[in-house]
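This report refers to the structure that appears directly beneath it.
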Amino acid sequence: MKGIVRRIVMMIMGVFMLGATATAGNGKAITLTDLPCMAQKTIKVYFGKKKVAMVKMETGFFEKTSYDVVFTNGDKIEFDGNGNWKDVSVKTGAVPAALVPQAVRTYLKANYPRTKVVEIDKGRGKCEVKLSSGLEITFDNNYNVIDIDD
């Protein structure tokens with residue numbers, strides 16, 4: 001009897017996980033005005049002159065909503081559900097300096113003065129920057145360097 005119950009529970013879990021996998025990463029095209037106000041403001045202030053190619057809302061079964069904005073020049077911004085930017089990637093030029101925390105800018109100016117930040121990713125408890133030289137530097141919450149990868 002225990003074996004049958006266990007099989008039924010495993011089948012139900014399998015169906016549940018299959019459904020979760022099928023809905024994870026579902027993206028839907030939206031308009032710029034559908035973004036949270038904070039995201040719209042960030043785009044207007046830091047990327048106002050760039051033309052938006054696509055705006056997408058991502059929803060997952062276990063994950064919160066996020067938004068992806070891609071510009072015609074290939075630059076990208078990812079926002080969380082509240083409209084706070086999580087990841088910025090530029091194809092030409094540099095990530096707007098105001099989006100890079102001051103402590104990170106100070107460190108980079110002192111140690112890598114001839115490079116530009118081409119990508120910045122704010123994650124759980126860390127901030128990762130990719131430089132034009134290809135170097136990737138990871139900072140903790142207090143902006144201490146915790147990893148450098150080339």
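So you can find residues: chains in the structure tokens are A, B, ... in the order shown, residues in each start at 1, and ligands are numbered from 1 in order.
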Quick check for you: according to DSSP on this backbone, which residues of stretch 51-120 of chain A are classed as strand (DSSP E or B)? Reply as a PDB file with all heavy atoms, in the first residue's frame.
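Below is the file that was written, result_26.pdb:
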```
ATOM      1  N   VAL A  52      13.878  52.017 -28.563  1.00  0.00           N
ATOM      2  CA  VAL A  52      13.530  50.709 -28.004  1.00  0.00           C
ATOM      3  C   VAL A  52      13.095  49.776 -29.118  1.00  0.00           C
ATOM      4  O   VAL A  52      12.241  50.120 -29.933  1.00  0.00           O
ATOM      5  CB  VAL A  52      12.419  50.848 -26.944  1.00  0.00           C
ATOM      6  CG1 VAL A  52      11.946  49.482 -26.468  1.00  0.00           C
ATOM      7  CG2 VAL A  52      12.890  51.697 -25.779  1.00  0.00           C
ATOM      8  N   ALA A  53      13.687  48.590 -29.153  1.00  0.00           N
ATOM      9  CA  ALA A  53      13.325  47.585 -30.143  1.00  0.00           C
ATOM     10  C   ALA A  53      12.261  46.632 -29.600  1.00  0.00           C
ATOM     11  O   ALA A  53      11.373  46.203 -30.328  1.00  0.00           O
ATOM     12  CB  ALA A  53      14.556  46.784 -30.568  1.00  0.00           C
ATOM     13  N   MET A  54      12.367  46.305 -28.299  1.00  0.00           N
ATOM     14  CA  MET A  54      11.459  45.312 -27.726  1.00  0.00           C
ATOM     15  C   MET A  54      11.379  45.485 -26.221  1.00  0.00           C
ATOM     16  O   MET A  54      12.373  45.779 -25.562  1.00  0.00           O
ATOM     17  CB  MET A  54      11.976  43.907 -28.043  1.00  0.00           C
ATOM     18  CG  MET A  54      11.128  42.799 -27.456  1.00  0.00           C
ATOM     19  SD  MET A  54      11.910  41.179 -27.590  1.00  0.00           S
ATOM     20  CE  MET A  54      13.113  41.278 -26.296  1.00  0.00           C
ATOM     21  N   VAL A  55      10.191  45.280 -25.681  1.00  0.00           N
ATOM     22  CA  VAL A  55       9.974  45.242 -24.235  1.00  0.00           C
ATOM     23  C   VAL A  55       9.241  43.944 -23.949  1.00  0.00           C
ATOM     24  O   VAL A  55       8.243  43.630 -24.595  1.00  0.00           O
ATOM     25  CB  VAL A  55       9.135  46.447 -23.746  1.00  0.00           C
ATOM     26  CG1 VAL A  55       8.954  46.388 -22.237  1.00  0.00           C
ATOM     27  CG2 VAL A  55       9.770  47.759 -24.171  1.00  0.00           C
ATOM     28  N   LYS A  56       9.752  43.196 -22.991  1.00  0.00           N
ATOM     29  CA  LYS A  56       9.161  41.888 -22.702  1.00  0.00           C
ATOM     30  C   LYS A  56       8.978  41.722 -21.198  1.00  0.00           C
ATOM     31  O   LYS A  56       9.848  42.094 -20.415  1.00  0.00           O
ATOM     32  CB  LYS A  56      10.088  40.798 -23.247  1.00  0.00           C
ATOM     33  CG  LYS A  56       9.574  39.385 -23.071  1.00  0.00           C
ATOM     34  CD  LYS A  56      10.397  38.368 -23.841  1.00  0.00           C
ATOM     35  CE  LYS A  56      11.771  38.215 -23.283  1.00  0.00           C
ATOM     36  NZ  LYS A  56      12.495  37.053 -23.813  1.00  0.00           N
ATOM     37  N   MET A  57       7.855  41.161 -20.815  1.00  0.00           N
ATOM     38  CA  MET A  57       7.590  40.835 -19.420  1.00  0.00           C
ATOM     39  C   MET A  57       7.754  39.330 -19.260  1.00  0.00           C
ATOM     40  O   MET A  57       7.155  38.556 -20.007  1.00  0.00           O
ATOM     41  CB  MET A  57       6.167  41.248 -19.028  1.00  0.00           C
ATOM     42  CG  MET A  57       5.843  40.933 -17.580  1.00  0.00           C
ATOM     43  SD  MET A  57       4.222  41.563 -17.065  1.00  0.00           S
ATOM     44  CE  MET A  57       3.134  40.470 -17.967  1.00  0.00           C
ATOM     45  N   GLU A  58       8.574  38.942 -18.307  1.00  0.00           N
ATOM     46  CA  GLU A  58       8.817  37.523 -18.028  1.00  0.00           C
ATOM     47  C   GLU A  58       8.126  37.158 -16.727  1.00  0.00           C
ATOM     48  O   GLU A  58       8.259  37.866 -15.729  1.00  0.00           O
ATOM     49  CB  GLU A  58      10.322  37.255 -17.871  1.00  0.00           C
ATOM     50  CG  GLU A  58      11.141  37.492 -19.102  1.00  0.00           C
ATOM     51  CD  GLU A  58      11.366  36.231 -19.901  1.00  0.00           C
ATOM     52  OE1 GLU A  58      11.147  35.127 -19.379  1.00  0.00           O
ATOM     53  OE2 GLU A  58      11.754  36.361 -21.067  1.00  0.00           O
ATOM     54  N   THR A  59       7.384  36.072 -16.743  1.00  0.00           N
ATOM     55  CA  THR A  59       6.793  35.562 -15.517  1.00  0.00           C
ATOM     56  C   THR A  59       7.123  34.088 -15.410  1.00  0.00           C
ATOM     57  O   THR A  59       7.170  33.381 -16.409  1.00  0.00           O
ATOM     58  CB  THR A  59       5.263  35.749 -15.488  1.00  0.00           C
ATOM     59  OG1 THR A  59       4.712  35.134 -16.651  1.00  0.00           O
ATOM     60  CG2 THR A  59       4.883  37.203 -15.441  1.00  0.00           C
ATOM     61  N   SER A  66       9.699  39.878 -14.121  1.00  0.00           N
ATOM     62  CA  SER A  66      10.821  40.730 -14.497  1.00  0.00           C
ATOM     63  C   SER A  66      10.544  41.273 -15.893  1.00  0.00           C
ATOM     64  O   SER A  66       9.666  40.785 -16.603  1.00  0.00           O
ATOM     65  CB  SER A  66      12.148  39.968 -14.458  1.00  0.00           C
ATOM     66  OG  SER A  66      12.176  38.964 -15.442  1.00  0.00           O
ATOM     67  N   TYR A  67      11.284  42.303 -16.250  1.00  0.00           N
ATOM     68  CA  TYR A  67      11.094  42.964 -17.534  1.00  0.00           C
ATOM     69  C   TYR A  67      12.423  43.084 -18.251  1.00  0.00           C
ATOM     70  O   TYR A  67      13.438  43.394 -17.632  1.00  0.00           O
ATOM     71  CB  TYR A  67      10.510  44.372 -17.334  1.00  0.00           C
ATOM     72  CG  TYR A  67       9.195  44.376 -16.597  1.00  0.00           C
ATOM     73  CD1 TYR A  67       9.152  44.515 -15.212  1.00  0.00           C
ATOM     74  CD2 TYR A  67       7.994  44.231 -17.277  1.00  0.00           C
ATOM     75  CE1 TYR A  67       7.942  44.517 -14.531  1.00  0.00           C
ATOM     76  CE2 TYR A  67       6.783  44.237 -16.605  1.00  0.00           C
ATOM     77  CZ  TYR A  67       6.770  44.375 -15.229  1.00  0.00           C
ATOM     78  OH  TYR A  67       5.572  44.368 -14.560  1.00  0.00           O
ATOM     79  N   ASP A  68      12.415  42.846 -19.549  1.00  0.00           N
ATOM     80  CA  ASP A  68      13.597  43.009 -20.387  1.00  0.00           C
ATOM     81  C   ASP A  68      13.311  44.081 -21.428  1.00  0.00           C
ATOM     82  O   ASP A  68      12.264  44.056 -22.076  1.00  0.00           O
ATOM     83  CB  ASP A  68      13.943  41.706 -21.118  1.00  0.00           C
ATOM     84  CG  ASP A  68      14.359  40.597 -20.167  1.00  0.00           C
ATOM     85  OD1 ASP A  68      15.038  40.890 -19.169  1.00  0.00           O
ATOM     86  OD2 ASP A  68      13.996  39.431 -20.421  1.00  0.00           O
ATOM     87  N   VAL A  69      14.261  45.004 -21.566  1.00  0.00           N
ATOM     88  CA  VAL A  69      14.147  46.048 -22.579  1.00  0.00           C
ATOM     89  C   VAL A  69      15.390  45.946 -23.454  1.00  0.00           C
ATOM     90  O   VAL A  69      16.516  45.941 -22.963  1.00  0.00           O
ATOM     91  CB  VAL A  69      14.062  47.455 -21.951  1.00  0.00           C
ATOM     92  CG1 VAL A  69      14.001  48.522 -23.034  1.00  0.00           C
ATOM     93  CG2 VAL A  69      12.855  47.543 -21.021  1.00  0.00           C
ATOM     94  N   VAL A  70      15.164  45.835 -24.762  1.00  0.00           N
ATOM     95  CA  VAL A  70      16.263  45.750 -25.726  1.00  0.00           C
ATOM     96  C   VAL A  70      16.159  46.950 -26.655  1.00  0.00           C
ATOM     97  O   VAL A  70      15.071  47.244 -27.169  1.00  0.00           O
ATOM     98  CB  VAL A  70      16.204  44.437 -26.543  1.00  0.00           C
ATOM     99  CG1 VAL A  70      17.357  44.364 -27.526  1.00  0.00           C
ATOM    100  CG2 VAL A  70      16.210  43.228 -25.617  1.00  0.00           C
ATOM    101  N   PHE A  71      17.286  47.621 -26.854  1.00  0.00           N
ATOM    102  CA  PHE A  71      17.321  48.788 -27.734  1.00  0.00           C
ATOM    103  C   PHE A  71      17.813  48.364 -29.111  1.00  0.00           C
ATOM    104  O   PHE A  71      18.448  47.321 -29.275  1.00  0.00           O
ATOM    105  CB  PHE A  71      18.235  49.865 -27.144  1.00  0.00           C
ATOM    106  CG  PHE A  71      17.745  50.380 -25.819  1.00  0.00           C
ATOM    107  CD1 PHE A  71      18.173  49.805 -24.632  1.00  0.00           C
ATOM    108  CD2 PHE A  71      16.838  51.417 -25.754  1.00  0.00           C
ATOM    109  CE1 PHE A  71      17.716  50.263 -23.408  1.00  0.00           C
ATOM    110  CE2 PHE A  71      16.372  51.894 -24.535  1.00  0.00           C
ATOM    111  CZ  PHE A  71      16.814  51.312 -23.354  1.00  0.00           C
ATOM    112  N   LYS A  76      20.864  46.399 -23.532  1.00  0.00           N
ATOM    113  CA  LYS A  76      19.779  45.702 -22.837  1.00  0.00           C
ATOM    114  C   LYS A  76      19.723  46.128 -21.384  1.00  0.00           C
ATOM    115  O   LYS A  76      20.756  46.393 -20.774  1.00  0.00           O
ATOM    116  CB  LYS A  76      19.993  44.184 -22.869  1.00  0.00           C
ATOM    117  CG  LYS A  76      20.018  43.570 -24.237  1.00  0.00           C
ATOM    118  CD  LYS A  76      20.312  42.087 -24.138  1.00  0.00           C
ATOM    119  CE  LYS A  76      20.488  41.491 -25.527  1.00  0.00           C
ATOM    120  NZ  LYS A  76      20.869  40.079 -25.476  1.00  0.00           N
ATOM    121  N   ILE A  77      18.509  46.155 -20.840  1.00  0.00           N
ATOM    122  CA  ILE A  77      18.305  46.399 -19.416  1.00  0.00           C
ATOM    123  C   ILE A  77      17.287  45.388 -18.917  1.00  0.00           C
ATOM    124  O   ILE A  77      16.270  45.141 -19.573  1.00  0.00           O
ATOM    125  CB  ILE A  77      17.742  47.798 -19.121  1.00  0.00           C
ATOM    126  CG1 ILE A  77      18.546  48.897 -19.784  1.00  0.00           C
ATOM    127  CG2 ILE A  77      17.679  48.041 -17.616  1.00  0.00           C
ATOM    128  CD1 ILE A  77      17.911  50.262 -19.628  1.00  0.00           C
ATOM    129  N   GLU A  78      17.566  44.826 -17.755  1.00  0.00           N
ATOM    130  CA  GLU A  78      16.603  43.940 -17.114  1.00  0.00           C
ATOM    131  C   GLU A  78      16.167  44.598 -15.812  1.00  0.00           C
ATOM    132  O   GLU A  78      16.993  45.098 -15.050  1.00  0.00           O
ATOM    133  CB  GLU A  78      17.208  42.571 -16.830  1.00  0.00           C
ATOM    134  CG  GLU A  78      16.220  41.607 -16.222  1.00  0.00           C
ATOM    135  CD  GLU A  78      16.807  40.233 -15.939  1.00  0.00           C
ATOM    136  OE1 GLU A  78      17.903  39.924 -16.434  1.00  0.00           O
ATOM    137  OE2 GLU A  78      16.161  39.467 -15.206  1.00  0.00           O
ATOM    138  N   PHE A  79      14.850  44.603 -15.569  1.00  0.00           N
ATOM    139  CA  PHE A  79      14.275  45.194 -14.370  1.00  0.00           C
ATOM    140  C   PHE A  79      13.561  44.120 -13.557  1.00  0.00           C
ATOM    141  O   PHE A  79      13.050  43.148 -14.113  1.00  0.00           O
ATOM    142  CB  PHE A  79      13.240  46.266 -14.744  1.00  0.00           C
ATOM    143  CG  PHE A  79      13.799  47.433 -15.487  1.00  0.00           C
ATOM    144  CD1 PHE A  79      13.744  47.483 -16.870  1.00  0.00           C
ATOM    145  CD2 PHE A  79      14.376  48.500 -14.810  1.00  0.00           C
ATOM    146  CE1 PHE A  79      14.248  48.569 -17.563  1.00  0.00           C
ATOM    147  CE2 PHE A  79      14.884  49.585 -15.495  1.00  0.00           C
ATOM    148  CZ  PHE A  79      14.824  49.620 -16.878  1.00  0.00           C
ATOM    149  N   ASP A  80      13.499  44.329 -12.232  1.00  0.00           N
ATOM    150  CA  ASP A  80      12.697  43.431 -11.407  1.00  0.00           C
ATOM    151  C   ASP A  80      11.234  43.859 -11.501  1.00  0.00           C
ATOM    152  O   ASP A  80      10.892  44.820 -12.202  1.00  0.00           O
ATOM    153  CB  ASP A  80      13.208  43.389  -9.963  1.00  0.00           C
ATOM    154  CG  ASP A  80      13.048  44.717  -9.203  1.00  0.00           C
ATOM    155  OD1 ASP A  80      12.283  45.603  -9.641  1.00  0.00           O
ATOM    156  OD2 ASP A  80      13.697  44.856  -8.156  1.00  0.00           O
ATOM    157  N   TRP A  85      16.371  48.383 -11.815  1.00  0.00           N
ATOM    158  CA  TRP A  85      17.216  47.683 -12.773  1.00  0.00           C
ATOM    159  C   TRP A  85      18.049  46.626 -12.045  1.00  0.00           C
ATOM    160  O   TRP A  85      18.483  46.824 -10.915  1.00  0.00           O
ATOM    161  CB  TRP A  85      18.087  48.642 -13.580  1.00  0.00           C
ATOM    162  CG  TRP A  85      19.161  49.339 -12.804  1.00  0.00           C
ATOM    163  CD1 TRP A  85      19.079  50.551 -12.190  1.00  0.00           C
ATOM    164  CD2 TRP A  85      20.482  48.863 -12.557  1.00  0.00           C
ATOM    165  NE1 TRP A  85      20.252  50.858 -11.583  1.00  0.00           N
ATOM    166  CE2 TRP A  85      21.141  49.836 -11.785  1.00  0.00           C
ATOM    167  CE3 TRP A  85      21.181  47.706 -12.907  1.00  0.00           C
ATOM    168  CZ2 TRP A  85      22.456  49.698 -11.362  1.00  0.00           C
ATOM    169  CZ3 TRP A  85      22.491  47.555 -12.483  1.00  0.00           C
ATOM    170  CH2 TRP A  85      23.102  48.547 -11.715  1.00  0.00           C
ATOM    171  N   LYS A  86      18.222  45.487 -12.714  1.00  0.00           N
ATOM    172  CA  LYS A  86      19.023  44.390 -12.181  1.00  0.00           C
ATOM    173  C   LYS A  86      20.277  44.169 -13.009  1.00  0.00           C
ATOM    174  O   LYS A  86      21.310  43.786 -12.485  1.00  0.00           O
ATOM    175  CB  LYS A  86      18.218  43.080 -12.169  1.00  0.00           C
ATOM    176  CG  LYS A  86      16.995  43.109 -11.318  1.00  0.00           C
ATOM    177  CD  LYS A  86      16.276  41.779 -11.187  1.00  0.00           C
ATOM    178  CE  LYS A  86      16.274  40.885 -12.382  1.00  0.00           C
ATOM    179  NZ  LYS A  86      15.509  39.657 -12.216  1.00  0.00           N
ATOM    180  N   ASP A  87      20.167  44.386 -14.304  1.00  0.00           N
ATOM    181  CA  ASP A  87      21.272  44.100 -15.212  1.00  0.00           C
ATOM    182  C   ASP A  87      21.236  45.112 -16.355  1.00  0.00           C
ATOM    183  O   ASP A  87      20.176  45.360 -16.918  1.00  0.00           O
ATOM    184  CB  ASP A  87      21.123  42.671 -15.752  1.00  0.00           C
ATOM    185  CG  ASP A  87      22.279  42.244 -16.638  1.00  0.00           C
ATOM    186  OD1 ASP A  87      23.434  42.563 -16.313  1.00  0.00           O
ATOM    187  OD2 ASP A  87      22.029  41.590 -17.669  1.00  0.00           O
ATOM    188  N   VAL A  88      22.397  45.680 -16.657  1.00  0.00           N
ATOM    189  CA  VAL A  88      22.517  46.607 -17.774  1.00  0.00           C
ATOM    190  C   VAL A  88      23.693  46.151 -18.613  1.00  0.00           C
ATOM    191  O   VAL A  88      24.782  45.898 -18.084  1.00  0.00           O
ATOM    192  CB  VAL A  88      22.750  48.065 -17.301  1.00  0.00           C
ATOM    193  CG1 VAL A  88      22.901  49.000 -18.494  1.00  0.00           C
ATOM    194  CG2 VAL A  88      21.626  48.529 -16.386  1.00  0.00           C
ATOM    195  N   SER A  89      23.489  46.034 -19.913  1.00  0.00           N
ATOM    196  CA  SER A  89      24.538  45.607 -20.835  1.00  0.00           C
ATOM    197  C   SER A  89      24.527  46.529 -22.046  1.00  0.00           C
ATOM    198  O   SER A  89      23.471  46.759 -22.634  1.00  0.00           O
ATOM    199  CB  SER A  89      24.271  44.158 -21.270  1.00  0.00           C
ATOM    200  OG  SER A  89      25.182  43.754 -22.245  1.00  0.00           O
ATOM    201  N   VAL A 117      32.886  50.307 -18.073  1.00  0.00           N
ATOM    202  CA  VAL A 117      31.950  49.271 -17.631  1.00  0.00           C
ATOM    203  C   VAL A 117      30.988  49.023 -18.785  1.00  0.00           C
ATOM    204  O   VAL A 117      30.286  49.933 -19.226  1.00  0.00           O
ATOM    205  CB  VAL A 117      31.178  49.712 -16.366  1.00  0.00           C
ATOM    206  CG1 VAL A 117      30.122  48.668 -15.999  1.00  0.00           C
ATOM    207  CG2 VAL A 117      32.135  49.930 -15.204  1.00  0.00           C
ATOM    208  N   VAL A 118      30.984  47.792 -19.302  1.00  0.00           N
ATOM    209  CA  VAL A 118      30.092  47.451 -20.407  1.00  0.00           C
ATOM    210  C   VAL A 118      28.905  46.597 -19.946  1.00  0.00           C
ATOM    211  O   VAL A 118      27.956  46.399 -20.690  1.00  0.00           O
ATOM    212  CB  VAL A 118      30.843  46.748 -21.562  1.00  0.00           C
ATOM    213  CG1 VAL A 118      31.858  47.692 -22.183  1.00  0.00           C
ATOM    214  CG2 VAL A 118      31.508  45.469 -21.108  1.00  0.00           C
ATOM    215  N   GLU A 119      28.996  46.111 -18.708  1.00  0.00           N
ATOM    216  CA  GLU A 119      27.874  45.351 -18.146  1.00  0.00           C
ATOM    217  C   GLU A 119      27.943  45.426 -16.636  1.00  0.00           C
ATOM    218  O   GLU A 119      29.022  45.367 -16.050  1.00  0.00           O
ATOM    219  CB  GLU A 119      27.916  43.893 -18.600  1.00  0.00           C
ATOM    220  CG  GLU A 119      26.702  43.111 -18.195  1.00  0.00           C
ATOM    221  CD  GLU A 119      26.658  41.717 -18.817  1.00  0.00           C
ATOM    222  OE1 GLU A 119      27.323  41.475 -19.838  1.00  0.00           O
ATOM    223  OE2 GLU A 119      25.938  40.876 -18.268  1.00  0.00           O
ATOM    224  N   ILE A 120      26.786  45.578 -16.018  1.00  0.00           N
ATOM    225  CA  ILE A 120      26.696  45.556 -14.560  1.00  0.00           C
ATOM    226  C   ILE A 120      25.469  44.743 -14.183  1.00  0.00           C
ATOM    227  O   ILE A 120      24.415  44.862 -14.803  1.00  0.00           O
ATOM    228  CB  ILE A 120      26.661  46.976 -13.957  1.00  0.00           C
ATOM    229  CG1 ILE A 120      26.674  46.903 -12.428  1.00  0.00           C
ATOM    230  CG2 ILE A 120      25.495  47.779 -14.482  1.00  0.00           C
ATOM    231  CD1 ILE A 120      27.007  48.219 -11.757  1.00  0.00           C
TER     232      ILE A 120
END
```
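If you measure from each of A:Tyr112, A:Lys44, A:Lys122, A:Val104 to A:Gly134 using only C-alpha atoms, the closest one turns out to be A:Tyr112.
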In Å, rounded to a single decimal, give me how far atom CA of A:Arg105 is from atom CA of A:Thr72.
27.2 Å
Closest of A:Arg114, A:Lys130, A:Lys64, A:Lys28 to A:Val90, counting only C-alpha atoms, is A:Lys130
Could you state the separation of atom CA of A:Gly125 and atom CA of A:Gly48 in Å, given to one decimal place?
29.4 Å
Residues of chain A in helix (DSSP H, G or I), written as a ChimeraX atom specification:
/A:2-23,32-34,37-47,97-99,102-111
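The interatomic distance for the pair atom CA of A:Phe139 and atom CA of A:Lys126 works out to 5.5 Å.
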Restricting the calculation to only C-alpha atoms: of A:Lys50, A:Lys91, A:Lys116, A:Lys109, which residue gets closest to A:Leu135?
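Smallest separation from A:Leu135 among the options: A:Lys116.
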